[in-house]
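Worksheet for the structure shown next.
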Amino acid sequence: MIIIRTPYRISFFGGGTDYPTWYEKYGGTVLSTTISQYCYISLRYTPPFLGTKYRVHWSRAEEVDKLEDIKHPGVRGCLQYLEIDEGVEVNHAGDLPARSGLGSSSAFTVGMLHALHTLRGEMISRGDLANEAIEVEQVVLGETVGIQDQIQCTWGGLNHIKIEKDGDYILERLELPISVRENLEDNLVLVFTGLQRHASQIAAAQVSNFDHKKDQLDRIAGLVGEGIETISHSPKQFGELLHETWMLKRDLAYEVTNVRIDEIYQAALNNGAYGGKVLGAGGGGFILFCVPPQHRQRMIECLGLMSIPVKFEYHGTQIVLS
């Protein structure tokens, strides 16, 4: 039995510039972190007495004998990519809802590949694991996704990711003093809108507009450097930069926001938040708010929605049991 734990991520600045449509022309830049909320995958070869070749347990229970009959795209895609013929039993659990803007699909893909390599007794570098996850999602599954999620979920930590035009990247770890990190965490909170969506569909709408939105994306990229400058000394300025990036992002495509999201966001601002942004492709999921601790409870009570404190994570995908 193999158990893998892989963190979810929060993207602060630069989202959109990690899509091939953009970075192949201009390069990309992203500031993001993993958080102490996780995707768990347990995996073993299917015991012969169970009667079916593949058993996959997620929000549904699957028992099938043909690989192509597996409904879970991440499981099917990873098995296809690694050309694994043996039957496997997969169990997936997550700390937070799927399709909510925290990179859960990439966390699953990274964790599944990590588990399969471990099951076969193979050691794989973090760089190769991230690249494999990118290929599974973009090529095997044909999803419209960027590359920051796979990199973040694999490596973990608070990172500045610089993406070259050929897709190679440089990962620069930002080391914050403990007191600075804890102060920043105290000013951040995740609020769940209750809306779940398919990110690839919304991302496709954004990507199709990139040629017409170059000015916005140039500014989104520029905010990465400003975010790095302010992250260690001014939560207020950091929150205001989050607000600016959200105003830019919501203009990339009609599907990024909706009336409900706009109502939640404005109510948060009215109750003390410096700023925030909808995470992931948009359209629902979690909103990250930067709000001073003395106003946090009032804001949360006003919104009446589930909230999650933010704690950074620095380990990336890990083997829990092998």
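Chain identifiers are assigned as A, B, and so on, following the order in which chains appear in the structure tokens; residues are numbered from 1 within each chain, and ligands are numbered from 1 in order of appearance.
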
* Asked: Do you know which residues are at most 12 Å from Ala98 in chain A counting only C-alpha atoms, after dropping those on the same chain fewer than 6 positions away, and could you put them as a PyMOL selection string?
  -> chain A and resi 8+38-39+58-59+92+104-108+192+194-199+280+284-286

* To do: Please identify all polymer residues within 10 Å of Gly111 in chain A, counting only C-alpha atoms, omitting same-chain residues fewer than 6 positions from it, and present them as a VMD selection string.
  => chain A and resid 3 to 7 39 to 42 92 105 117 129 133 150 153 to 154 316 to 319

Those residues with C-alpha atoms, as a compact mmCIF listing (two decimals), in the first residue's frame please?
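Result file follows (result.txt):
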# COMPACT_ATOMS: atom_id res chain seq x y z
CA ILE A 3 -0.10 6.66 0.52
CA ILE A 4 0.85 10.04 -0.95
CA ARG A 5 0.00 13.46 0.46
CA THR A 6 0.09 16.43 -1.94
CA PRO A 7 -0.70 20.05 -1.00
CA CYS A 39 -5.04 15.69 -1.43
CA TYR A 40 -4.47 12.09 -0.25
CA ILE A 41 -4.09 9.11 -2.56
CA SER A 42 -3.74 5.50 -1.43
CA HIS A 92 -8.79 9.53 -3.12
CA SER A 105 -6.75 18.59 -10.24
CA HIS A 117 6.21 5.49 -9.47
CA LEU A 129 7.47 14.60 -11.66
CA ALA A 133 2.07 15.99 -14.53
CA GLN A 150 1.86 21.08 -11.17
CA CYS A 153 2.12 20.94 -5.84
CA THR A 154 5.31 19.01 -6.59
CA GLY A 316 5.32 19.54 -1.58
CA THR A 317 4.18 16.04 -2.45
CA GLN A 318 5.31 13.46 0.11
CA ILE A 319 5.25 9.71 0.63

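Of note, CA of Leu31 in chain A and CA of Tyr81 in chain A are spaced 29.2 Å apart.
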
* Could you jot down the CA of Ser232 in chain A to CA of Ile287 in chain A separation for me, Å, one decimal place? => 21.6 Å

Hey, what's within 9 Å of Pro292 in chain A if we count only C-alpha atoms and toss same-chain stuff fewer than 6 positions away? As a PDB file with N, CA and C atoms, in the first residue's frame, please?
ATOM      1  N   ASP A 186      -1.894  35.583   9.210  1.00  0.00           N
ATOM      2  CA  ASP A 186      -2.962  36.128  10.048  1.00  0.00           C
ATOM      3  C   ASP A 186      -3.853  37.101   9.281  1.00  0.00           C
ATOM      4  N   ASN A 187      -3.336  37.633   8.176  1.00  0.00           N
ATOM      5  CA  ASN A 187      -4.100  38.592   7.374  1.00  0.00           C
ATOM      6  C   ASN A 187      -4.791  37.946   6.169  1.00  0.00           C
ATOM      7  N   LEU A 188      -4.618  36.632   6.011  1.00  0.00           N
ATOM      8  CA  LEU A 188      -5.201  35.935   4.860  1.00  0.00           C
ATOM      9  C   LEU A 188      -6.271  34.953   5.307  1.00  0.00           C
ATOM     10  N   PRO A 235       1.038  43.896   4.783  1.00  0.00           N
ATOM     11  CA  PRO A 235      -0.173  43.167   4.378  1.00  0.00           C
ATOM     12  C   PRO A 235      -1.196  44.076   3.704  1.00  0.00           C
ATOM     13  N   LYS A 236      -1.275  45.327   4.128  1.00  0.00           N
ATOM     14  CA  LYS A 236      -2.241  46.247   3.517  1.00  0.00           C
ATOM     15  C   LYS A 236      -1.925  46.450   2.045  1.00  0.00           C
ATOM     16  N   GLY A 272     -14.069  45.504   5.878  1.00  0.00           N
ATOM     17  CA  GLY A 272     -12.705  45.601   6.351  1.00  0.00           C
ATOM     18  C   GLY A 272     -11.615  44.967   5.525  1.00  0.00           C
ATOM     19  N   ALA A 273     -11.956  44.197   4.486  1.00  0.00           N
ATOM     20  CA  ALA A 273     -10.910  43.552   3.684  1.00  0.00           C
ATOM     21  C   ALA A 273     -10.136  44.586   2.878  1.00  0.00           C
ATOM     22  N   TYR A 274      -8.820  44.402   2.804  1.00  0.00           N
ATOM     23  CA  TYR A 274      -7.995  45.258   1.952  1.00  0.00           C
ATOM     24  C   TYR A 274      -8.232  44.948   0.485  1.00  0.00           C
TER      25      TYR A 274
END

* If you count only C-alpha atoms, which residues fall within 12 Å of Trp155 in chain A, apart from same-chain ones fewer than 6 positions away, as a PyMOL selection string? -> chain A and resi 6-9+32-35+107+110-111+125-131+148-149+161+170-173+313-318

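Remark: for Glu89 in chain A, the closest of the candidate residues A:Tyr169, A:Tyr265, A:Trp246, A:Tyr54 is A:Tyr54 (distances computed over only C-alpha atoms).
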
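Minimum distance to Ile231 in chain A across A:Asp166, A:Val136, A:Ala203, A:Phe12 (counting only C-alpha atoms) occurs at A:Phe12.
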
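For the choices A:Leu217, A:Met247, A:Leu321, A:Val310, the atom-to-atom distance to Tyr26 in chain A is smallest for A:Leu217 when using only C-alpha atoms.
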
* **Nearest residue to Gly276 in chain A from the set A:Leu252, A:Leu288, A:Leu303, A:Ile261 (distances using only C-alpha atoms)** => A:Leu288

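Proximity of A:Leu158, A:Leu82, A:Ala268, A:Ala204 to Gln297 in chain A, computed with only C-alpha atoms, is greatest for A:Ala268.
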
* Based on DSSP run over this structure's backbone, return all residues of range 46-285 of chain A in alpha helix (DSSP H), as number ranges by chain. => A: 73-81, 104-119, 126-135, 148-155, 178-186, 199-208, 214-230, 235-249, 259-270
